[in-house]
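*Asks:* Below is one structure. I have some questions about it.
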Amino acid sequence: MKCVVSVLGKDRRGIVADVATVLKNCGANLDDISQTVMGEGEIFSMTMLVTLDTEVADFNTVQERLAAVGEDLGVQVIIQREDVFQFMYKI
């Protein structure tokens, strides 16, 4: 299952590593990543396209684990199914 993961918050060390580790431990593959730091290093933004192996962890489990790591890091982490994401942005 293809999913879009979005991360937004105050920049700090370890965000990419911690989010990627959660995804790896859930059996996800990182297909693409884009990140930027805006405003003199203050605001971190990252978008990832991942493929979930639902035999390892289902969507809700991955969502809960990403929310937990986001809370630990002090950032917002949102995961959406790619089809839902695409549908939301169709005109």
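Residues are referred to by chain and number: the chain letter is A, B, ... according to the order shown in the structure tokens, the number counts from 1 in that chain, and ligands are numbered separately from 1 in the order shown.
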Using only C-alpha atoms, determine which residues lie at most 12 Å from Asp18 in chain A, disregarding the query and same-chain residues fewer than 4 positions distant; provide the list as a PDB file with all heavy atoms, in the first residue's frame.
*Replies:*
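result-v1.pdb written:
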ATOM      1  N   VAL A   7       5.786  15.459   7.669  1.00  0.00           N
ATOM      2  CA  VAL A   7       6.341  15.839   8.966  1.00  0.00           C
ATOM      3  C   VAL A   7       6.542  17.347   8.965  1.00  0.00           C
ATOM      4  O   VAL A   7       7.081  17.902   8.005  1.00  0.00           O
ATOM      5  CB  VAL A   7       7.694  15.132   9.224  1.00  0.00           C
ATOM      6  CG1 VAL A   7       8.251  15.516  10.585  1.00  0.00           C
ATOM      7  CG2 VAL A   7       7.557  13.618   9.102  1.00  0.00           C
ATOM      8  N   ARG A  12      15.217  19.958  14.421  1.00  0.00           N
ATOM      9  CA  ARG A  12      16.111  19.421  15.443  1.00  0.00           C
ATOM     10  C   ARG A  12      16.796  18.192  14.879  1.00  0.00           C
ATOM     11  O   ARG A  12      16.378  17.647  13.865  1.00  0.00           O
ATOM     12  CB  ARG A  12      15.351  19.084  16.725  1.00  0.00           C
ATOM     13  CG  ARG A  12      14.270  18.020  16.519  1.00  0.00           C
ATOM     14  CD  ARG A  12      13.685  17.525  17.792  1.00  0.00           C
ATOM     15  NE  ARG A  12      14.638  16.624  18.413  1.00  0.00           N
ATOM     16  CZ  ARG A  12      14.379  15.881  19.457  1.00  0.00           C
ATOM     17  NH1 ARG A  12      13.207  15.939  20.022  1.00  0.00           N
ATOM     18  NH2 ARG A  12      15.278  15.073  19.958  1.00  0.00           N
ATOM     19  N   ARG A  13      17.815  17.748  15.515  1.00  0.00           N
ATOM     20  CA  ARG A  13      18.533  16.560  15.070  1.00  0.00           C
ATOM     21  C   ARG A  13      17.681  15.312  15.245  1.00  0.00           C
ATOM     22  O   ARG A  13      16.924  15.191  16.204  1.00  0.00           O
ATOM     23  CB  ARG A  13      19.804  16.370  15.872  1.00  0.00           C
ATOM     24  CG  ARG A  13      20.835  17.396  15.594  1.00  0.00           C
ATOM     25  CD  ARG A  13      22.086  17.124  16.369  1.00  0.00           C
ATOM     26  NE  ARG A  13      22.916  18.316  16.327  1.00  0.00           N
ATOM     27  CZ  ARG A  13      24.027  18.452  16.991  1.00  0.00           C
ATOM     28  NH1 ARG A  13      24.455  17.495  17.769  1.00  0.00           N
ATOM     29  NH2 ARG A  13      24.711  19.561  16.882  1.00  0.00           N
ATOM     30  N   GLY A  14      17.835  14.388  14.298  1.00  0.00           N
ATOM     31  CA  GLY A  14      17.247  13.071  14.452  1.00  0.00           C
ATOM     32  C   GLY A  14      15.863  12.865  13.880  1.00  0.00           C
ATOM     33  O   GLY A  14      15.345  11.750  13.949  1.00  0.00           O
ATOM     34  N   VAL A  22      11.141   4.138  12.463  1.00  0.00           N
ATOM     35  CA  VAL A  22       9.788   3.638  12.715  1.00  0.00           C
ATOM     36  C   VAL A  22       9.252   2.954  11.462  1.00  0.00           C
ATOM     37  O   VAL A  22       8.710   1.845  11.523  1.00  0.00           O
ATOM     38  CB  VAL A  22       8.840   4.769  13.162  1.00  0.00           C
ATOM     39  CG1 VAL A  22       7.387   4.320  13.118  1.00  0.00           C
ATOM     40  CG2 VAL A  22       9.209   5.251  14.555  1.00  0.00           C
ATOM     41  N   LEU A  23       9.417   3.601  10.322  1.00  0.00           N
ATOM     42  CA  LEU A  23       8.927   3.023   9.073  1.00  0.00           C
ATOM     43  C   LEU A  23       9.625   1.699   8.763  1.00  0.00           C
ATOM     44  O   LEU A  23       8.980   0.721   8.385  1.00  0.00           O
ATOM     45  CB  LEU A  23       9.106   4.015   7.928  1.00  0.00           C
ATOM     46  CG  LEU A  23       8.210   5.253   8.004  1.00  0.00           C
ATOM     47  CD1 LEU A  23       8.673   6.316   7.017  1.00  0.00           C
ATOM     48  CD2 LEU A  23       6.752   4.885   7.780  1.00  0.00           C
ATOM     49  N   LYS A  24      10.928   1.642   8.945  1.00  0.00           N
ATOM     50  CA  LYS A  24      11.686   0.409   8.708  1.00  0.00           C
ATOM     51  C   LYS A  24      11.194  -0.708   9.620  1.00  0.00           C
ATOM     52  O   LYS A  24      10.963  -1.835   9.181  1.00  0.00           O
ATOM     53  CB  LYS A  24      13.176   0.634   8.940  1.00  0.00           C
ATOM     54  CG  LYS A  24      14.028  -0.626   8.771  1.00  0.00           C
ATOM     55  CD  LYS A  24      15.453  -0.385   9.160  1.00  0.00           C
ATOM     56  CE  LYS A  24      15.920  -0.885  10.456  1.00  0.00           C
ATOM     57  NZ  LYS A  24      15.489  -2.009  11.127  1.00  0.00           N
ATOM     58  N   ASN A  25      10.998  -0.387  10.891  1.00  0.00           N
ATOM     59  CA  ASN A  25      10.548  -1.389  11.857  1.00  0.00           C
ATOM     60  C   ASN A  25       9.130  -1.873  11.577  1.00  0.00           C
ATOM     61  O   ASN A  25       8.743  -2.946  12.032  1.00  0.00           O
ATOM     62  CB  ASN A  25      10.652  -0.853  13.282  1.00  0.00           C
ATOM     63  CG  ASN A  25      12.093  -0.676  13.715  1.00  0.00           C
ATOM     64  OD1 ASN A  25      13.006  -1.251  13.141  1.00  0.00           O
ATOM     65  ND2 ASN A  25      12.302   0.157  14.720  1.00  0.00           N
ATOM     66  N   ARG A  65       2.381   4.453  15.619  1.00  0.00           N
ATOM     67  CA  ARG A  65       3.822   4.530  15.903  1.00  0.00           C
ATOM     68  C   ARG A  65       4.420   5.840  15.408  1.00  0.00           C
ATOM     69  O   ARG A  65       5.286   6.421  16.075  1.00  0.00           O
ATOM     70  CB  ARG A  65       4.542   3.334  15.304  1.00  0.00           C
ATOM     71  CG  ARG A  65       4.181   2.043  16.008  1.00  0.00           C
ATOM     72  CD  ARG A  65       4.894   0.850  15.431  1.00  0.00           C
ATOM     73  NE  ARG A  65       4.428  -0.374  16.067  1.00  0.00           N
ATOM     74  CZ  ARG A  65       4.771  -1.579  15.671  1.00  0.00           C
ATOM     75  NH1 ARG A  65       5.591  -1.744  14.644  1.00  0.00           N
ATOM     76  NH2 ARG A  65       4.299  -2.648  16.292  1.00  0.00           N
ATOM     77  N   LEU A  66       3.972   6.316  14.252  1.00  0.00           N
ATOM     78  CA  LEU A  66       4.457   7.604  13.748  1.00  0.00           C
ATOM     79  C   LEU A  66       3.975   8.755  14.635  1.00  0.00           C
ATOM     80  O   LEU A  66       4.729   9.696  14.894  1.00  0.00           O
ATOM     81  CB  LEU A  66       4.007   7.820  12.303  1.00  0.00           C
ATOM     82  CG  LEU A  66       4.733   6.984  11.251  1.00  0.00           C
ATOM     83  CD1 LEU A  66       4.066   7.163   9.886  1.00  0.00           C
ATOM     84  CD2 LEU A  66       6.217   7.333  11.179  1.00  0.00           C
ATOM     85  N   ALA A  67       2.750   8.687  15.102  1.00  0.00           N
ATOM     86  CA  ALA A  67       2.238   9.725  16.005  1.00  0.00           C
ATOM     87  C   ALA A  67       3.060   9.759  17.293  1.00  0.00           C
ATOM     88  O   ALA A  67       3.381  10.834  17.812  1.00  0.00           O
ATOM     89  CB  ALA A  67       0.764   9.489  16.305  1.00  0.00           C
ATOM     90  N   ALA A  68       3.428   8.584  17.798  1.00  0.00           N
ATOM     91  CA  ALA A  68       4.215   8.503  19.032  1.00  0.00           C
ATOM     92  C   ALA A  68       5.610   9.098  18.841  1.00  0.00           C
ATOM     93  O   ALA A  68       6.088   9.861  19.686  1.00  0.00           O
ATOM     94  CB  ALA A  68       4.306   7.055  19.504  1.00  0.00           C
ATOM     95  N   VAL A  69       6.275   8.760  17.720  1.00  0.00           N
ATOM     96  CA  VAL A  69       7.607   9.320  17.491  1.00  0.00           C
ATOM     97  C   VAL A  69       7.507  10.826  17.249  1.00  0.00           C
ATOM     98  O   VAL A  69       8.373  11.586  17.676  1.00  0.00           O
ATOM     99  CB  VAL A  69       8.366   8.598  16.355  1.00  0.00           C
ATOM    100  CG1 VAL A  69       7.909   9.025  14.974  1.00  0.00           C
ATOM    101  CG2 VAL A  69       9.857   8.816  16.495  1.00  0.00           C
ATOM    102  N   GLY A  70       6.439  11.279  16.605  1.00  0.00           N
ATOM    103  CA  GLY A  70       6.234  12.709  16.412  1.00  0.00           C
ATOM    104  C   GLY A  70       6.096  13.434  17.740  1.00  0.00           C
ATOM    105  O   GLY A  70       6.664  14.512  17.930  1.00  0.00           O
ATOM    106  N   GLU A  71       5.362  12.830  18.643  1.00  0.00           N
ATOM    107  CA  GLU A  71       5.205  13.427  19.978  1.00  0.00           C
ATOM    108  C   GLU A  71       6.554  13.498  20.698  1.00  0.00           C
ATOM    109  O   GLU A  71       6.893  14.508  21.307  1.00  0.00           O
ATOM    110  CB  GLU A  71       4.200  12.616  20.796  1.00  0.00           C
ATOM    111  CG  GLU A  71       3.822  13.268  22.098  1.00  0.00           C
ATOM    112  CD  GLU A  71       2.696  12.543  22.808  1.00  0.00           C
ATOM    113  OE1 GLU A  71       1.748  12.103  22.134  1.00  0.00           O
ATOM    114  OE2 GLU A  71       2.793  12.428  24.047  1.00  0.00           O
ATOM    115  N   ASP A  72       7.328  12.426  20.607  1.00  0.00           N
ATOM    116  CA  ASP A  72       8.656  12.413  21.234  1.00  0.00           C
ATOM    117  C   ASP A  72       9.566  13.495  20.652  1.00  0.00           C
ATOM    118  O   ASP A  72      10.353  14.096  21.378  1.00  0.00           O
ATOM    119  CB  ASP A  72       9.330  11.050  21.051  1.00  0.00           C
ATOM    120  CG  ASP A  72       8.672   9.944  21.859  1.00  0.00           C
ATOM    121  OD1 ASP A  72       7.885  10.251  22.782  1.00  0.00           O
ATOM    122  OD2 ASP A  72       8.948   8.759  21.559  1.00  0.00           O
ATOM    123  N   LEU A  73       9.455  13.718  19.348  1.00  0.00           N
ATOM    124  CA  LEU A  73      10.298  14.699  18.662  1.00  0.00           C
ATOM    125  C   LEU A  73       9.752  16.120  18.725  1.00  0.00           C
ATOM    126  O   LEU A  73      10.447  17.067  18.385  1.00  0.00           O
ATOM    127  CB  LEU A  73      10.460  14.307  17.188  1.00  0.00           C
ATOM    128  CG  LEU A  73      11.267  13.053  16.895  1.00  0.00           C
ATOM    129  CD1 LEU A  73      11.063  12.620  15.446  1.00  0.00           C
ATOM    130  CD2 LEU A  73      12.745  13.289  17.184  1.00  0.00           C
ATOM    131  N   GLY A  74       8.490  16.261  19.092  1.00  0.00           N
ATOM    132  CA  GLY A  74       7.871  17.577  19.122  1.00  0.00           C
ATOM    133  C   GLY A  74       7.486  18.083  17.743  1.00  0.00           C
ATOM    134  O   GLY A  74       7.481  19.291  17.498  1.00  0.00           O
ATOM    135  N   VAL A  75       7.174  17.144  16.830  1.00  0.00           N
ATOM    136  CA  VAL A  75       6.749  17.502  15.475  1.00  0.00           C
ATOM    137  C   VAL A  75       5.436  16.801  15.164  1.00  0.00           C
ATOM    138  O   VAL A  75       5.050  15.844  15.835  1.00  0.00           O
ATOM    139  CB  VAL A  75       7.809  17.125  14.412  1.00  0.00           C
ATOM    140  CG1 VAL A  75       9.104  17.883  14.653  1.00  0.00           C
ATOM    141  CG2 VAL A  75       8.059  15.625  14.370  1.00  0.00           C
ATOM    142  N   VAL A  77       3.410  14.421  12.713  1.00  0.00           N
ATOM    143  CA  VAL A  77       3.629  13.407  11.685  1.00  0.00           C
ATOM    144  C   VAL A  77       2.268  12.866  11.263  1.00  0.00           C
ATOM    145  O   VAL A  77       1.499  12.396  12.094  1.00  0.00           O
ATOM    146  CB  VAL A  77       4.510  12.244  12.191  1.00  0.00           C
ATOM    147  CG1 VAL A  77       4.768  11.253  11.059  1.00  0.00           C
ATOM    148  CG2 VAL A  77       5.818  12.754  12.770  1.00  0.00           C
TER     149      VAL A  77
END
*Asks:* Please identify all polymer residues within 12 Å of Asp11 in chain A, counting only C-alpha atoms, omitting same-chain residues fewer than 2 positions from it, and present them as an MDAnalysis selection string.
*Replies:* chainID A and resid 7:9 13:16 35:46 73:76
*Asks:* Can I get the selected residues back with C-alpha atoms, as a PDB file, in the first residue's frame?
*Replies:*
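Generated file (part.pdb):
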ATOM      1  CA  VAL A   7       6.341  15.839   8.966  1.00  0.00           C
ATOM      2  CA  LEU A   8       6.242  19.450  10.133  1.00  0.00           C
ATOM      3  CA  GLY A   9       7.723  21.157  13.156  1.00  0.00           C
ATOM      4  CA  ARG A  13      18.533  16.560  15.070  1.00  0.00           C
ATOM      5  CA  GLY A  14      17.247  13.071  14.452  1.00  0.00           C
ATOM      6  CA  ILE A  15      13.880  13.730  12.835  1.00  0.00           C
ATOM      7  CA  VAL A  16      14.664  11.936   9.572  1.00  0.00           C
ATOM      8  CA  GLN A  35      12.722  17.789   2.934  1.00  0.00           C
ATOM      9  CA  THR A  36      13.506  21.401   3.606  1.00  0.00           C
ATOM     10  CA  VAL A  37      14.361  23.653   6.505  1.00  0.00           C
ATOM     11  CA  MET A  38      12.807  27.125   6.276  1.00  0.00           C
ATOM     12  CA  GLY A  39      13.128  30.364   8.189  1.00  0.00           C
ATOM     13  CA  GLU A  40      16.800  30.349   9.209  1.00  0.00           C
ATOM     14  CA  GLY A  41      16.679  26.742  10.329  1.00  0.00           C
ATOM     15  CA  GLU A  42      13.533  27.026  12.370  1.00  0.00           C
ATOM     16  CA  ILE A  43      10.860  25.081  10.478  1.00  0.00           C
ATOM     17  CA  PHE A  44      11.430  21.531   9.268  1.00  0.00           C
ATOM     18  CA  SER A  45       9.189  20.071   6.567  1.00  0.00           C
ATOM     19  CA  MET A  46       9.436  16.582   5.074  1.00  0.00           C
ATOM     20  CA  LEU A  73      10.298  14.699  18.662  1.00  0.00           C
ATOM     21  CA  GLY A  74       7.871  17.577  19.122  1.00  0.00           C
ATOM     22  CA  VAL A  75       6.749  17.502  15.475  1.00  0.00           C
ATOM     23  CA  GLN A  76       3.523  16.653  13.669  1.00  0.00           C
TER      24      GLN A  76
END
*Asks:* Nearest to Met1 in chain A among A:Thr21, A:Asp58, A:Ile79, A:Thr51, with distances taken over only C-alpha atoms: which residue is it?
*Replies:*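 Among A:Thr21, A:Asp58, A:Ile79, A:Thr51, it is A:Thr51 that comes nearest to Met1 in chain A.
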*Asks:* Would you please extract all alpha helix (DSSP H) residues from chain A, as assigned by DSSP on the backbone, and give them as a ChimeraX atom specification?
*Replies:* /A:15-25,59-73,82-88
*Asks:* Save the residues we just selected, N, CA, C and O atoms, as a short mmCIF file (atom, residue, chain, number, x, y, z; two decimals), in the first residue's frame?
*Replies:*
data_model
loop_
_atom_site.label_atom_id
_atom_site.label_comp_id
_atom_site.auth_asym_id
_atom_site.auth_seq_id
_atom_site.Cartn_x
_atom_site.Cartn_y
_atom_site.Cartn_z
N ILE A 15 15.25 13.88 13.33
CA ILE A 15 13.88 13.73 12.83
C ILE A 15 13.84 12.69 11.71
O ILE A 15 13.05 11.73 11.77
N VAL A 16 14.68 12.86 10.70
CA VAL A 16 14.66 11.94 9.57
C VAL A 16 15.00 10.52 10.05
O VAL A 16 14.31 9.56 9.71
N ALA A 17 16.02 10.40 10.86
CA ALA A 17 16.44 9.08 11.35
C ALA A 17 15.35 8.39 12.16
O ALA A 17 15.08 7.20 11.95
N ASP A 18 14.72 9.11 13.06
CA ASP A 18 13.70 8.50 13.92
C ASP A 18 12.45 8.10 13.15
O ASP A 18 11.90 7.01 13.37
N VAL A 19 12.01 8.96 12.24
CA VAL A 19 10.82 8.64 11.44
C VAL A 19 11.14 7.45 10.52
O VAL A 19 10.35 6.51 10.40
N ALA A 20 12.31 7.48 9.88
CA ALA A 20 12.70 6.39 8.98
C ALA A 20 12.84 5.07 9.75
O ALA A 20 12.49 4.00 9.23
N THR A 21 13.33 5.12 10.97
CA THR A 21 13.47 3.91 11.79
C THR A 21 12.11 3.31 12.11
O THR A 21 11.93 2.09 12.03
N VAL A 22 11.14 4.14 12.46
CA VAL A 22 9.79 3.64 12.71
C VAL A 22 9.25 2.95 11.46
O VAL A 22 8.71 1.84 11.52
N LEU A 23 9.42 3.60 10.32
CA LEU A 23 8.93 3.02 9.07
C LEU A 23 9.63 1.70 8.76
O LEU A 23 8.98 0.72 8.38
N LYS A 24 10.93 1.64 8.95
CA LYS A 24 11.69 0.41 8.71
C LYS A 24 11.19 -0.71 9.62
O LYS A 24 10.96 -1.84 9.18
N ASN A 25 11.00 -0.39 10.89
CA ASN A 25 10.55 -1.39 11.86
C ASN A 25 9.13 -1.87 11.58
O ASN A 25 8.74 -2.95 12.03
N PHE A 59 -1.96 -0.34 8.53
CA PHE A 59 -1.95 1.12 8.44
C PHE A 59 -2.13 1.77 9.81
O PHE A 59 -1.40 2.70 10.17
N ASN A 60 -3.09 1.29 10.59
CA ASN A 60 -3.37 1.91 11.90
C ASN A 60 -2.19 1.78 12.86
O ASN A 60 -1.90 2.71 13.61
N THR A 61 -1.50 0.65 12.81
CA THR A 61 -0.32 0.45 13.66
C THR A 61 0.78 1.43 13.28
O THR A 61 1.39 2.07 14.15
N VAL A 62 1.02 1.56 11.98
CA VAL A 62 2.04 2.51 11.51
C VAL A 62 1.66 3.93 11.91
O VAL A 62 2.49 4.70 12.39
N GLN A 63 0.40 4.26 11.75
CA GLN A 63 -0.09 5.60 12.11
C GLN A 63 0.15 5.88 13.59
O GLN A 63 0.62 6.96 13.97
N GLU A 64 -0.14 4.92 14.45
CA GLU A 64 0.06 5.09 15.90
C GLU A 64 1.53 5.25 16.24
O GLU A 64 1.90 6.10 17.06
N ARG A 65 2.38 4.45 15.62
CA ARG A 65 3.82 4.53 15.90
C ARG A 65 4.42 5.84 15.41
O ARG A 65 5.29 6.42 16.07
N LEU A 66 3.97 6.32 14.25
CA LEU A 66 4.46 7.60 13.75
C LEU A 66 3.98 8.75 14.64
O LEU A 66 4.73 9.70 14.89
N ALA A 67 2.75 8.69 15.10
CA ALA A 67 2.24 9.73 16.01
C ALA A 67 3.06 9.76 17.29
O ALA A 67 3.38 10.83 17.81
N ALA A 68 3.43 8.58 17.80
CA ALA A 68 4.22 8.50 19.03
C ALA A 68 5.61 9.10 18.84
O ALA A 68 6.09 9.86 19.69
N VAL A 69 6.27 8.76 17.72
CA VAL A 69 7.61 9.32 17.49
C VAL A 69 7.51 10.83 17.25
O VAL A 69 8.37 11.59 17.68
N GLY A 70 6.44 11.28 16.61
CA GLY A 70 6.23 12.71 16.41
C GLY A 70 6.10 13.43 17.74
O GLY A 70 6.66 14.51 17.93
N GLU A 71 5.36 12.83 18.64
CA GLU A 71 5.21 13.43 19.98
C GLU A 71 6.55 13.50 20.70
O GLU A 71 6.89 14.51 21.31
N ASP A 72 7.33 12.43 20.61
CA ASP A 72 8.66 12.41 21.23
C ASP A 72 9.57 13.49 20.65
O ASP A 72 10.35 14.10 21.38
N LEU A 73 9.45 13.72 19.35
CA LEU A 73 10.30 14.70 18.66
C LEU A 73 9.75 16.12 18.72
O LEU A 73 10.45 17.07 18.38
N GLU A 82 -2.07 6.91 -0.20
CA GLU A 82 -1.83 7.72 -1.39
C GLU A 82 -3.10 7.98 -2.18
O GLU A 82 -3.32 9.09 -2.66
N ASP A 83 -3.97 6.99 -2.28
CA ASP A 83 -5.20 7.20 -3.05
C ASP A 83 -6.08 8.27 -2.40
O ASP A 83 -6.67 9.10 -3.09
N VAL A 84 -6.14 8.30 -1.08
CA VAL A 84 -6.91 9.33 -0.37
C VAL A 84 -6.24 10.69 -0.57
O VAL A 84 -6.91 11.69 -0.83
N PHE A 85 -4.92 10.71 -0.46
CA PHE A 85 -4.16 11.95 -0.66
C PHE A 85 -4.41 12.50 -2.06
O PHE A 85 -4.70 13.69 -2.22
N GLN A 86 -4.33 11.65 -3.08
CA GLN A 86 -4.54 12.09 -4.46
C GLN A 86 -5.96 12.60 -4.65
O GLN A 86 -6.19 13.61 -5.31
N PHE A 87 -6.94 11.91 -4.08
CA PHE A 87 -8.33 12.30 -4.21
C PHE A 87 -8.59 13.67 -3.59
O PHE A 87 -9.33 14.48 -4.14
N MET A 88 -7.96 13.95 -2.45
CA MET A 88 -8.16 15.22 -1.76
C MET A 88 -7.70 16.41 -2.59
O MET A 88 -8.23 17.50 -2.47
#
*Asks:* Do you know which residues are at most 9 Å from Val50 in chain A counting only C-alpha atoms, after dropping those on the same chain fewer than 5 positions away, and could you put them as a ChimeraX atom specification?
*Replies:* /A:1-5,23,28-33
*Asks:* Using DSSP secondary structure from the backbone, list all strand (DSSP E) positions within chain A, as a ChimeraX atom specification.
*Replies:* /A:2-10,29-38,43-51,75-81
